[in-house]
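File shown here: data-v6.cif, holding mmCIF, C-alpha atoms.
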data_structure
#
loop_
_atom_site.group_PDB
_atom_site.id
_atom_site.type_symbol
_atom_site.label_atom_id
_atom_site.label_comp_id
_atom_site.auth_asym_id
_atom_site.auth_seq_id
_atom_site.Cartn_x
_atom_site.Cartn_y
_atom_site.Cartn_z
ATOM 1 C CA MET A 1 -66.232 -9.095 -15.350
ATOM 2 C CA SER A 2 -63.212 -9.123 -17.586
ATOM 3 C CA LEU A 3 -59.798 -9.962 -16.224
ATOM 4 C CA PRO A 4 -56.992 -7.391 -16.512
ATOM 5 C CA GLU A 5 -54.763 -7.700 -19.520
ATOM 6 C CA PRO A 6 -51.555 -9.617 -18.719
ATOM 7 C CA GLN A 7 -48.480 -7.391 -18.482
ATOM 8 C CA SER A 8 -46.142 -7.618 -21.442
ATOM 9 C CA GLU A 9 -42.670 -9.077 -20.776
ATOM 10 C CA ALA A 10 -41.256 -5.813 -22.087
ATOM 11 C CA ALA A 11 -43.265 -3.733 -19.633
ATOM 12 C CA ARG A 12 -41.231 -2.041 -16.934
ATOM 13 C CA PRO A 13 -42.263 -1.386 -13.369
ATOM 14 C CA MET A 14 -43.162 2.140 -12.419
ATOM 15 C CA SER A 15 -40.137 4.264 -11.589
ATOM 16 C CA VAL A 16 -39.554 5.119 -7.964
ATOM 17 C CA ALA A 17 -39.433 8.792 -7.144
ATOM 18 C CA VAL A 18 -36.051 10.115 -6.109
ATOM 19 C CA PRO A 19 -36.296 11.119 -2.432
ATOM 20 C CA ASP A 20 -36.125 14.803 -1.619
ATOM 21 C CA ASP A 21 -33.284 14.161 0.819
ATOM 22 C CA ALA A 22 -31.092 12.315 -1.719
ATOM 23 C CA ASP A 23 -28.157 14.691 -1.191
ATOM 24 C CA GLU A 24 -28.341 14.222 2.575
ATOM 25 C CA ARG A 25 -28.426 10.429 2.140
ATOM 26 C CA LEU A 26 -25.376 10.519 -0.099
ATOM 27 C CA ALA A 27 -23.531 12.684 2.411
ATOM 28 C CA ARG A 28 -24.478 10.249 5.169
ATOM 29 C CA ALA A 29 -23.182 7.357 3.048
ATOM 30 C CA LYS A 30 -19.831 9.148 2.711
ATOM 31 C CA GLU A 31 -19.690 9.564 6.505
ATOM 32 C CA LEU A 32 -20.424 5.864 7.042
ATOM 33 C CA GLU A 33 -17.790 4.923 4.447
ATOM 34 C CA SER A 34 -15.216 7.069 6.256
ATOM 35 C CA ALA A 35 -16.130 5.273 9.491
ATOM 36 C CA ALA A 36 -15.587 1.869 7.779
ATOM 37 C CA ARG A 37 -19.300 1.041 8.114
ATOM 38 C CA TYR A 38 -19.378 -0.151 4.548
ATOM 39 C CA ASP A 39 -22.524 -2.308 4.581
ATOM 40 C CA GLU A 40 -24.609 0.567 5.931
ATOM 41 C CA ALA A 41 -23.081 3.005 3.455
ATOM 42 C CA ALA A 42 -23.733 0.638 0.545
ATOM 43 C CA ALA A 43 -27.362 0.115 1.575
ATOM 44 C CA LEU A 44 -28.023 3.861 1.479
ATOM 45 C CA VAL A 45 -26.547 4.287 -1.994
ATOM 46 C CA GLU A 46 -28.251 1.160 -3.323
ATOM 47 C CA GLU A 47 -31.601 2.647 -2.313
ATOM 48 C CA LEU A 48 -30.781 5.772 -4.306
ATOM 49 C CA LEU A 49 -29.734 3.779 -7.376
ATOM 50 C CA GLU A 50 -32.994 1.822 -7.253
ATOM 51 C CA CYS A 51 -34.725 5.164 -7.799
ATOM 52 C CA ASP A 52 -32.471 6.329 -10.621
ATOM 53 C CA GLU A 53 -29.520 4.434 -12.108
ATOM 54 C CA SER A 54 -28.569 7.359 -14.322
ATOM 55 C CA ARG A 55 -26.945 9.415 -11.559
ATOM 56 C CA PRO A 56 -23.178 8.972 -12.100
ATOM 57 C CA GLU A 57 -22.240 10.353 -8.667
ATOM 58 C CA TRP A 58 -24.231 7.581 -7.015
ATOM 59 C CA SER A 59 -22.597 4.859 -9.116
ATOM 60 C CA TYR A 60 -19.227 6.385 -8.306
ATOM 61 C CA ARG A 61 -19.897 6.423 -4.561
ATOM 62 C CA LEU A 62 -21.095 2.816 -4.495
ATOM 63 C CA GLY A 63 -18.086 1.844 -6.632
ATOM 64 C CA CYS A 64 -15.779 3.336 -3.991
ATOM 65 C CA ILE A 65 -17.582 1.488 -1.211
ATOM 66 C CA ARG A 66 -17.413 -1.823 -3.091
ATOM 67 C CA ALA A 67 -13.662 -1.328 -3.556
ATOM 68 C CA ARG A 68 -13.251 -0.892 0.196
ATOM 69 C CA GLN A 69 -15.263 -4.076 0.712
ATOM 70 C CA GLY A 70 -12.896 -5.953 -1.613
ATOM 71 C CA ARG A 71 -15.627 -6.476 -4.207
ATOM 72 C CA LEU A 72 -13.380 -5.388 -7.038
ATOM 73 C CA GLU A 73 -15.405 -6.605 -10.010
ATOM 74 C CA ASP A 74 -18.533 -4.855 -8.710
ATOM 75 C CA SER A 75 -16.483 -1.733 -8.070
ATOM 76 C CA GLU A 76 -15.061 -1.736 -11.596
ATOM 77 C CA ARG A 77 -18.520 -2.172 -13.112
ATOM 78 C CA LEU A 78 -19.925 0.759 -11.129
ATOM 79 C CA LEU A 79 -16.995 3.050 -11.874
ATOM 80 C CA ARG A 80 -17.198 2.262 -15.576
ATOM 81 C CA ARG A 81 -20.933 2.965 -15.458
ATOM 82 C CA ALA A 82 -20.171 6.388 -13.993
ATOM 83 C CA LEU A 83 -17.751 7.044 -16.852
ATOM 84 C CA SER A 84 -20.282 5.839 -19.434
ATOM 85 C CA LEU A 85 -22.717 8.450 -18.117
ATOM 86 C CA ARG A 86 -20.267 11.165 -19.212
ATOM 87 C CA PHE A 87 -19.013 11.614 -15.680
ATOM 88 C CA GLU A 88 -15.359 11.903 -16.720
ATOM 89 C CA ASP A 89 -14.172 13.069 -13.361
ATOM 90 C CA PRO A 90 -10.478 12.509 -12.477
ATOM 91 C CA ARG A 91 -11.563 10.886 -9.198
ATOM 92 C CA VAL A 92 -13.357 8.149 -11.131
ATOM 93 C CA HIS A 93 -10.308 7.399 -13.273
ATOM 94 C CA THR A 94 -8.053 7.402 -10.190
ATOM 95 C CA ASN A 95 -10.246 4.980 -8.266
ATOM 96 C CA LEU A 96 -10.698 2.816 -11.344
ATOM 97 C CA GLY A 97 -6.909 2.696 -11.615
ATOM 98 C CA VAL A 98 -6.646 1.540 -7.998
ATOM 99 C CA VAL A 99 -9.235 -1.193 -8.582
ATOM 100 C CA LEU A 100 -7.495 -2.382 -11.756
ATOM 101 C CA ASP A 101 -4.124 -2.377 -9.966
ATOM 102 C CA LEU A 102 -5.572 -4.499 -7.165
ATOM 103 C CA GLN A 103 -6.716 -6.991 -9.810
ATOM 104 C CA GLY A 104 -3.190 -7.158 -11.240
ATOM 105 C CA ARG A 105 -4.146 -5.346 -14.462
ATOM 106 C CA CYS A 106 -1.223 -2.969 -14.358
ATOM 107 C CA GLU A 107 -1.259 -1.551 -17.884
ATOM 108 C CA GLU A 108 -4.965 -0.743 -17.666
ATOM 109 C CA ALA A 109 -4.354 0.873 -14.282
ATOM 110 C CA ILE A 110 -1.564 3.002 -15.749
ATOM 111 C CA ARG A 111 -3.894 4.231 -18.492
ATOM 112 C CA ALA A 112 -6.539 5.135 -15.920
ATOM 113 C CA PHE A 113 -4.058 7.077 -13.763
ATOM 114 C CA ARG A 114 -2.674 8.878 -16.817
ATOM 115 C CA ARG A 115 -6.177 9.933 -17.860
ATOM 116 C CA ALA A 116 -6.827 11.275 -14.367
ATOM 117 C CA ILE A 117 -3.604 13.312 -14.605
ATOM 118 C CA GLN A 118 -4.637 14.669 -18.012
ATOM 119 C CA LEU A 119 -7.901 15.879 -16.505
ATOM 120 C CA ALA A 120 -6.344 17.284 -13.330
ATOM 121 C CA PRO A 121 -2.581 17.836 -13.715
ATOM 122 C CA ARG A 122 -2.224 19.371 -10.240
ATOM 123 C CA ASP A 123 -4.091 16.629 -8.372
ATOM 124 C CA PRO A 124 -1.376 14.641 -6.547
ATOM 125 C CA VAL A 125 -3.404 11.487 -5.819
ATOM 126 C CA ALA A 126 -3.239 9.931 -9.291
ATOM 127 C CA ARG A 127 0.472 10.798 -9.525
ATOM 128 C CA LEU A 128 1.127 9.112 -6.182
ATOM 129 C CA ASN A 129 -0.644 5.932 -7.306
ATOM 130 C CA LEU A 130 1.003 5.961 -10.726
ATOM 131 C CA GLY A 131 4.456 6.554 -9.243
ATOM 132 C CA ALA A 132 4.028 3.755 -6.707
ATOM 133 C CA LEU A 133 2.865 1.359 -9.440
ATOM 134 C CA TYR A 134 5.789 2.279 -11.693
ATOM 135 C CA GLY A 135 8.110 1.598 -8.759
ATOM 136 C CA GLU A 136 6.621 -1.845 -8.177
ATOM 137 C CA LEU A 137 7.068 -2.614 -11.886
ATOM 138 C CA GLY A 138 10.741 -1.604 -11.783
ATOM 139 C CA ARG A 139 10.194 1.467 -13.951
ATOM 140 C CA HIS A 140 12.229 3.544 -11.535
ATOM 141 C CA GLU A 141 12.804 6.701 -13.557
ATOM 142 C CA ASP A 142 9.126 6.921 -14.469
ATOM 143 C CA ALA A 143 8.308 6.398 -10.802
ATOM 144 C CA ALA A 144 10.781 9.054 -9.669
ATOM 145 C CA ARG A 145 9.347 11.593 -12.119
ATOM 146 C CA GLU A 146 5.758 11.131 -10.929
ATOM 147 C CA LEU A 147 6.617 10.968 -7.233
ATOM 148 C CA ALA A 148 8.858 14.035 -7.386
ATOM 149 C CA ARG A 149 5.976 15.949 -8.962
ATOM 150 C CA CYS A 150 3.573 14.591 -6.338
ATOM 151 C CA ARG A 151 5.981 15.619 -3.563
ATOM 152 C CA SER A 152 6.119 19.169 -4.891
ATOM 153 C CA LEU A 153 2.324 19.397 -5.253
ATOM 154 C CA ALA A 154 1.430 17.850 -1.898
ATOM 155 C CA PRO A 155 4.346 17.367 0.519
ATOM 156 C CA GLY A 156 3.623 14.626 2.990
ATOM 157 C CA PHE A 157 4.472 11.164 4.240
ATOM 158 C CA ASP A 158 3.176 9.134 1.285
ATOM 159 C CA ALA A 159 5.023 11.113 -1.371
ATOM 160 C CA SER A 160 8.337 11.114 0.513
ATOM 161 C CA PHE A 161 8.100 7.462 1.576
ATOM 162 C CA ASN A 162 7.259 6.120 -1.886
ATOM 163 C CA PHE A 163 9.932 8.311 -3.487
ATOM 164 C CA ALA A 164 12.423 6.969 -0.932
ATOM 165 C CA LEU A 165 11.481 3.381 -1.816
ATOM 166 C CA VAL A 166 12.265 4.067 -5.461
ATOM 167 C CA ARG A 167 15.688 5.496 -4.639
ATOM 168 C CA TYR A 168 16.372 2.563 -2.304
ATOM 169 C CA ARG A 169 15.550 0.066 -5.062
ATOM 170 C CA GLN A 170 17.911 1.969 -7.361
ATOM 171 C CA GLY A 171 20.709 1.577 -4.825
ATOM 172 C CA GLU A 172 20.766 5.336 -4.123
ATOM 173 C CA HIS A 173 20.998 4.765 -0.385
ATOM 174 C CA GLN A 174 21.967 8.280 0.717
ATOM 175 C CA LEU A 175 19.160 9.861 -1.303
ATOM 176 C CA ALA A 176 16.799 7.230 0.051
ATOM 177 C CA ALA A 177 17.924 7.847 3.633
ATOM 178 C CA ASP A 178 17.269 11.572 3.265
ATOM 179 C CA LEU A 179 13.780 10.904 1.912
ATOM 180 C CA PHE A 180 12.937 8.328 4.604
ATOM 181 C CA ALA A 181 14.063 10.840 7.238
ATOM 182 C CA GLU A 182 11.867 13.454 5.552
ATOM 183 C CA ALA A 183 8.892 11.074 5.640
ATOM 184 C CA LEU A 184 9.410 10.512 9.362
ATOM 185 C CA HIS A 185 8.950 14.242 9.985
ATOM 186 C CA TYR A 186 5.321 13.636 8.985
ATOM 187 C CA ASP A 187 4.854 10.357 10.876
ATOM 188 C CA ARG A 188 7.312 9.337 13.601
ATOM 189 C CA THR A 189 5.405 6.118 14.352
ATOM 190 C CA HIS A 190 5.717 4.444 10.937
ATOM 191 C CA ALA A 191 7.644 1.252 11.666
ATOM 192 C CA LEU A 192 8.400 0.352 8.063
ATOM 193 C CA CYS A 193 9.918 3.766 7.419
ATOM 194 C CA HIS A 194 12.231 3.422 10.439
ATOM 195 C CA TYR A 195 13.166 -0.064 9.165
ATOM 196 C CA TYR A 196 14.126 1.170 5.706
ATOM 197 C CA LEU A 197 16.045 4.089 7.168
ATOM 198 C CA GLY A 198 17.944 1.538 9.263
ATOM 199 C CA ARG A 199 18.654 -0.515 6.155
ATOM 200 C CA CYS A 200 20.010 2.568 4.390
ATOM 201 C CA HIS A 201 22.283 3.401 7.342
ATOM 202 C CA PHE A 202 23.531 -0.191 7.409
ATOM 203 C CA LYS A 203 24.315 -0.233 3.678
ATOM 204 C CA LEU A 204 26.137 3.100 4.061
ATOM 205 C CA GLY A 205 28.310 1.667 6.844
ATOM 206 C CA ARG A 206 26.614 3.664 9.599
ATOM 207 C CA THR A 207 25.963 0.741 11.911
ATOM 208 C CA GLU A 208 25.093 2.517 15.153
ATOM 209 C CA PRO A 209 22.480 4.800 13.527
ATOM 210 C CA ALA A 210 21.149 1.658 11.833
ATOM 211 C CA VAL A 211 20.692 -0.015 15.213
ATOM 212 C CA GLU A 212 18.859 3.039 16.545
ATOM 213 C CA SER A 213 16.440 3.095 13.602
ATOM 214 C CA LEU A 214 15.827 -0.650 13.717
ATOM 215 C CA LEU A 215 15.156 -0.634 17.462
ATOM 216 C CA THR A 216 12.666 2.195 16.902
ATOM 217 C CA ALA A 217 10.959 0.195 14.158
ATOM 218 C CA LEU A 218 10.604 -2.780 16.491
ATOM 219 C CA ARG A 219 9.230 -0.618 19.302
ATOM 220 C CA HIS A 220 6.433 0.388 16.984
ATOM 221 C CA GLN A 221 5.974 -3.053 15.393
ATOM 222 C CA PRO A 222 7.566 -5.913 17.356
ATOM 223 C CA ASP A 223 6.592 -8.541 14.771
ATOM 224 C CA LEU A 224 8.517 -6.843 11.948
ATOM 225 C CA VAL A 225 10.752 -9.840 11.432
ATOM 226 C CA HIS A 226 12.941 -8.342 8.703
ATOM 227 C CA ALA A 227 13.820 -5.450 11.000
ATOM 228 C CA ARG A 228 14.833 -7.985 13.629
ATOM 229 C CA PHE A 229 16.999 -9.815 11.077
ATOM 230 C CA CYS A 230 18.721 -6.608 10.014
ATOM 231 C CA LEU A 231 19.231 -5.717 13.678
ATOM 232 C CA GLY A 232 20.899 -9.088 14.219
ATOM 233 C CA MET A 233 23.284 -8.371 11.348
ATOM 234 C CA ALA A 234 24.054 -4.955 12.803
ATOM 235 C CA TRP A 235 24.808 -6.423 16.243
ATOM 236 C CA ASN A 236 27.168 -8.896 14.547
ATOM 237 C CA LYS A 237 28.888 -6.004 12.779
ATOM 238 C CA LEU A 238 29.397 -4.315 16.155
ATOM 239 C CA SER A 239 30.682 -7.593 17.688
ATOM 240 C CA ARG A 240 27.682 -7.620 20.044
ATOM 241 C CA TYR A 241 27.260 -11.328 19.482
ATOM 242 C CA ARG A 242 24.955 -12.142 22.383
ATOM 243 C CA MET A 243 22.536 -9.430 21.281
ATOM 244 C CA ALA A 244 22.808 -10.708 17.701
ATOM 245 C CA ALA A 245 22.059 -14.282 18.749
ATOM 246 C CA GLN A 246 19.000 -13.206 20.738
ATOM 247 C CA GLU A 247 17.545 -11.423 17.728
ATOM 248 C CA LEU A 248 18.502 -14.030 15.133
ATOM 249 C CA GLU A 249 17.179 -16.972 17.156
ATOM 250 C CA GLN A 250 13.763 -15.284 17.112
ATOM 251 C CA VAL A 251 14.063 -14.688 13.372
ATOM 252 C CA ALA A 252 15.076 -18.300 12.701
ATOM 253 C CA ARG A 253 11.845 -19.527 14.296
ATOM 254 C CA VAL A 254 9.873 -17.488 11.754
ATOM 255 C CA LEU A 255 12.165 -17.722 8.706
ATOM 256 C CA ALA A 256 13.372 -21.265 9.276
ATOM 257 C CA ASP A 257 14.080 -21.841 5.575
ATOM 258 C CA ASP A 258 16.143 -18.702 4.979
ATOM 259 C CA GLY A 259 19.818 -19.608 4.709
ATOM 260 C CA ARG A 260 20.918 -16.022 5.304
ATOM 261 C CA VAL A 261 19.424 -16.105 8.791
ATOM 262 C CA HIS A 262 21.309 -19.263 9.722
ATOM 263 C CA TYR A 263 24.548 -17.873 8.291
ATOM 264 C CA GLN A 264 24.264 -14.748 10.458
ATOM 265 C CA LEU A 265 23.357 -16.908 13.431
ATOM 266 C CA GLY A 266 26.507 -18.918 12.777
ATOM 267 C CA ILE A 267 28.555 -15.713 12.946
ATOM 268 C CA ALA A 268 26.950 -14.828 16.287
ATOM 269 C CA TYR A 269 27.595 -18.306 17.713
ATOM 270 C CA ASP A 270 31.189 -18.180 16.491
ATOM 271 C CA GLY A 271 31.644 -14.888 18.285
ATOM 272 C CA LEU A 272 30.279 -16.502 21.470
ATOM 273 C CA ALA A 273 32.662 -19.474 21.077
ATOM 274 C CA MET A 274 29.634 -21.789 20.654
ATOM 275 C CA LYS A 275 31.428 -23.866 18.027
ATOM 276 C CA ALA A 276 28.978 -26.760 17.705
ATOM 277 C CA GLU A 277 26.012 -24.403 17.315
ATOM 278 C CA ALA A 278 27.970 -22.319 14.803
ATOM 279 C CA ARG A 279 28.823 -25.397 12.675
ATOM 280 C CA GLU A 280 25.179 -26.480 12.669
ATOM 281 C CA SER A 281 24.040 -23.006 11.633
ATOM 282 C CA TYR A 282 26.583 -22.854 8.810
ATOM 283 C CA ARG A 283 25.570 -26.357 7.700
ATOM 284 C CA ARG A 284 21.923 -25.327 7.539
ATOM 285 C CA ALA A 285 22.847 -22.148 5.653
ATOM 286 C CA ARG A 286 24.746 -24.182 3.044
ATOM 287 C CA THR A 287 21.978 -26.763 2.727
ATOM 288 C CA LEU A 288 19.262 -24.154 2.276
ATOM 289 C CA ALA A 289 21.386 -22.131 -0.137
ATOM 290 C CA GLY A 290 21.907 -25.236 -2.274
#
Now, as a test, write the supplied structure out as structure tokens.
Amino acid sequence: MSLPEPQSEAARPMSVAVPDDADERLARAKELESAARYDEAAALVEELLECDESRPEWSYRLGCIRARQGRLEDSERLLRRALSLRFEDPRVHTNLGVVLDLQGRCEEAIRAFRRAIQLAPRDPVARLNLGALYGELGRHEDAARELARCRSLAPGFDASFNFALVRYRQGEHQLAADLFAEALHYDRTHALCHYYLGRCHFKLGRTEPAVESLLTALRHQPDLVHARFCLGMAWNKLSRYRMAAQELEQVARVLADDGRVHYQLGIAYDGLAMKAEARESYRRARTLAG
């Protein structure tokens, strides 16, 4: 009896039939992804891709899941595969931009977001990401343009908050305060937004409203050390030196190498007639500043 012919190295295994319930499996994967059950979601989509790698929607979905898992290189590869399969969907470009941004590849991310906007000019998500990235890069006018457009297309916390951050970085503290207040209409529990609103009030000379915002920030996030530092400065401004010292002593334990903290603590101790402690705080502030 003759033996079977050996399989050629170029021979490929038989293709696996795409399951009839592929759409239901993909929908289930999306549900699992939304529930942060990423391993289970990935397993479902991987099974589909083993049947047929030419389905761009499946590569896109697994690319999104890999991004949420922090597997950025895998995510980029899958998203680019989706694009190579003529799946030039704005969602793919937007998510590719996010993945590139997370890898520190800012210019490539900008190009991806811009392409998404070309494909879907009224989709606010790419504009939000592009505006936030421009803001981080110090391109404030570019950021303001994109975020203003995003805010008009889809009013909400993210658009107002990121637009406010841009105005704050530009030193436009009243405009920033108005936008932070607007953002808080959408989410009253956002500690960082209350903190920045407090900072704006403080810079505008409105110390008591600053204290109110900073205390609210700390109620929502007690470990927000920069809010506690700003609150200490505000208490000093109001000559509430004991309150200032209580806040700044906590900050100094966390930011022990920040001369500004010790300088403010020196002011509080001076106000409490604690001269030795004040001198030591000023000495540490000078040493750290030097």
> Taking all atoms listed in the file into account, which of A:Pro222, A:Gly171, A:Pro90, A:Gly232 comes nearest Lys203 (chain A)?
Replying inline: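 Of A:Pro222, A:Gly171, A:Pro90, A:Gly232, the one nearest Lys203 (chain A) is A:Gly171, counting all atoms listed in the file.
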> Between CA of Arg286 (chain A) and CA of Tyr263 (chain A), what is the distance, to one decimal in Å?
Replying inline: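 Separating CA of Arg286 (chain A) from CA of Tyr263 (chain A) is a distance of 8.2 Å.
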> Excluding same-chain residues fewer than 5 positions from Leu215 (chain A), what lies within 9 Å of it counting only C-alpha atoms, as a list of chain:residue names?
Replying inline: A:His194, A:Tyr195, A:Gly198, A:Ala210, A:His220, A:Ala227, A:Arg228, A:Leu231
Prev. selection, C-alpha atoms, output as a CSV table (one decimal), in the coordinates of the input:
chain,number,residue,atom,x,y,z
A,194,HIS,CA,12.2,3.4,10.4
A,195,TYR,CA,13.2,-0.1,9.2
A,198,GLY,CA,17.9,1.5,9.3
A,210,ALA,CA,21.1,1.7,11.8
A,220,HIS,CA,6.4,0.4,17.0
A,227,ALA,CA,13.8,-5.4,11.0
A,228,ARG,CA,14.8,-8.0,13.6
A,231,LEU,CA,19.2,-5.7,13.7
>> As a check of understanding, name the residues that the PyMOL selection byres ((chain A and resi 246-254) around 7) selects in the supplied structure, as a list in words.
In response: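 Applying the PyMOL selection byres ((chain A and resi 246-254) around 7) to the structure shown produces Val225, Arg228, Phe229, Gly232, Arg242, Met243, Ala244, Ala245, Leu255, Ala256, Val261, His262 and Leu265 of chain A.
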> Using only C-alpha atoms, which residues sit within 8 Å of Glu146 (chain A) once same-chain residues fewer than 6 positions away are excluded, as a list in words?
Replying inline: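 Those residues are Arg127, Leu128, Leu130 and Gly131 of chain A.
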Give me a file of those residues, with C-alpha atoms, as a compact mmCIF listing (two decimals), in the frame of the given file.
# COMPACT_ATOMS: atom_id res chain seq x y z
CA ARG A 127 0.47 10.80 -9.52
CA LEU A 128 1.13 9.11 -6.18
CA LEU A 130 1.00 5.96 -10.73
CA GLY A 131 4.46 6.55 -9.24
> Of the residues A:Leu137, A:Ala191, A:Asp23, A:Asp258, which is the one nearest to Arg169 (chain A), using only C-alpha atoms?
Replying inline: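 Selected residue with least distance to Arg169 (chain A): A:Leu137.
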>> Ranking A:Leu48, A:Leu272, A:Ala217, A:Leu83 by minimum distance to Arg188 (chain A) and counting all atoms listed in the file, which one comes first?
In response: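 For Arg188 (chain A), the nearest of the given residues is A:Ala217.
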> Pick the closest to Ala132 (chain A) from A:Ala112, A:Leu165, A:Arg105, A:Ala35: which is it, counting only C-alpha atoms?
Replying inline: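 Using only C-alpha atoms, the shortest distance to Ala132 (chain A) belongs to A:Leu165.
Considering the residues A:Ser34, A:Ser152, A:Ser54, A:Ser281 and counting all atoms listed in the file, Arg68 (chain A) has its shortest atom-to-atom contact with A:Ser34.
The two atoms in question, CA of Arg111 (chain A) and CA of Arg55 (chain A), are spaced 24.6 Å apart.
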Output file request: region 67-74 of chain A, with all heavy atoms, as a compact mmCIF listing (two decimals), in the first residue's frame.
# COMPACT_ATOMS: atom_id res chain seq x y z
N ALA A 67 -6.55 47.74 22.23
CA ALA A 67 -6.21 49.07 22.74
C ALA A 67 -6.63 49.19 24.20
O ALA A 67 -5.88 49.72 25.03
CB ALA A 67 -6.88 50.14 21.89
N ARG A 68 -7.81 48.68 24.52
CA ARG A 68 -8.29 48.75 25.90
C ARG A 68 -7.45 47.87 26.82
O ARG A 68 -7.34 48.14 28.02
CB ARG A 68 -9.76 48.33 25.97
CG ARG A 68 -10.71 49.30 25.28
CD ARG A 68 -12.15 48.87 25.43
NE ARG A 68 -13.07 49.71 24.70
CZ ARG A 68 -13.55 50.87 25.14
NH1 ARG A 68 -13.16 51.33 26.32
NH2 ARG A 68 -14.40 51.56 24.42
N GLN A 69 -6.84 46.83 26.27
CA GLN A 69 -5.97 45.97 27.06
C GLN A 69 -4.56 46.56 27.20
O GLN A 69 -3.73 45.99 27.90
CB GLN A 69 -5.87 44.59 26.42
CG GLN A 69 -7.14 43.77 26.48
CD GLN A 69 -7.02 42.46 25.73
OE1 GLN A 69 -6.61 42.42 24.56
NE2 GLN A 69 -7.34 41.36 26.41
N GLY A 70 -4.30 47.68 26.52
CA GLY A 70 -2.96 48.26 26.56
C GLY A 70 -1.99 47.62 25.60
O GLY A 70 -0.79 47.91 25.65
N ARG A 71 -2.47 46.78 24.71
CA ARG A 71 -1.62 46.11 23.72
C ARG A 71 -1.61 46.97 22.46
O ARG A 71 -2.26 46.67 21.47
CB ARG A 71 -2.10 44.69 23.47
CG ARG A 71 -1.98 43.80 24.69
CD ARG A 71 -2.63 42.44 24.54
NE ARG A 71 -2.14 41.69 23.39
CZ ARG A 71 -2.47 40.43 23.12
NH1 ARG A 71 -3.30 39.78 23.95
NH2 ARG A 71 -2.00 39.82 22.06
N LEU A 72 -0.87 48.07 22.53
CA LEU A 72 -0.99 49.11 21.52
C LEU A 72 -0.44 48.70 20.16
O LEU A 72 -1.01 49.05 19.12
CB LEU A 72 -0.31 50.38 22.01
CG LEU A 72 -0.86 50.96 23.33
CD1 LEU A 72 -0.10 52.22 23.71
CD2 LEU A 72 -2.36 51.25 23.21
N GLU A 73 0.66 47.97 20.15
CA GLU A 73 1.22 47.55 18.86
C GLU A 73 0.28 46.58 18.15
O GLU A 73 0.07 46.68 16.93
CB GLU A 73 2.60 46.91 19.08
CG GLU A 73 3.66 47.90 19.52
CD GLU A 73 5.02 47.26 19.68
OE1 GLU A 73 5.13 46.03 19.42
OE2 GLU A 73 5.97 47.96 20.07
N ASP A 74 -0.30 45.64 18.90
CA ASP A 74 -1.28 44.73 18.31
C ASP A 74 -2.49 45.50 17.80
O ASP A 74 -3.02 45.21 16.73
CB ASP A 74 -1.74 43.69 19.35
CG ASP A 74 -0.66 42.68 19.67
OD1 ASP A 74 0.28 42.54 18.87
OD2 ASP A 74 -0.75 42.03 20.73
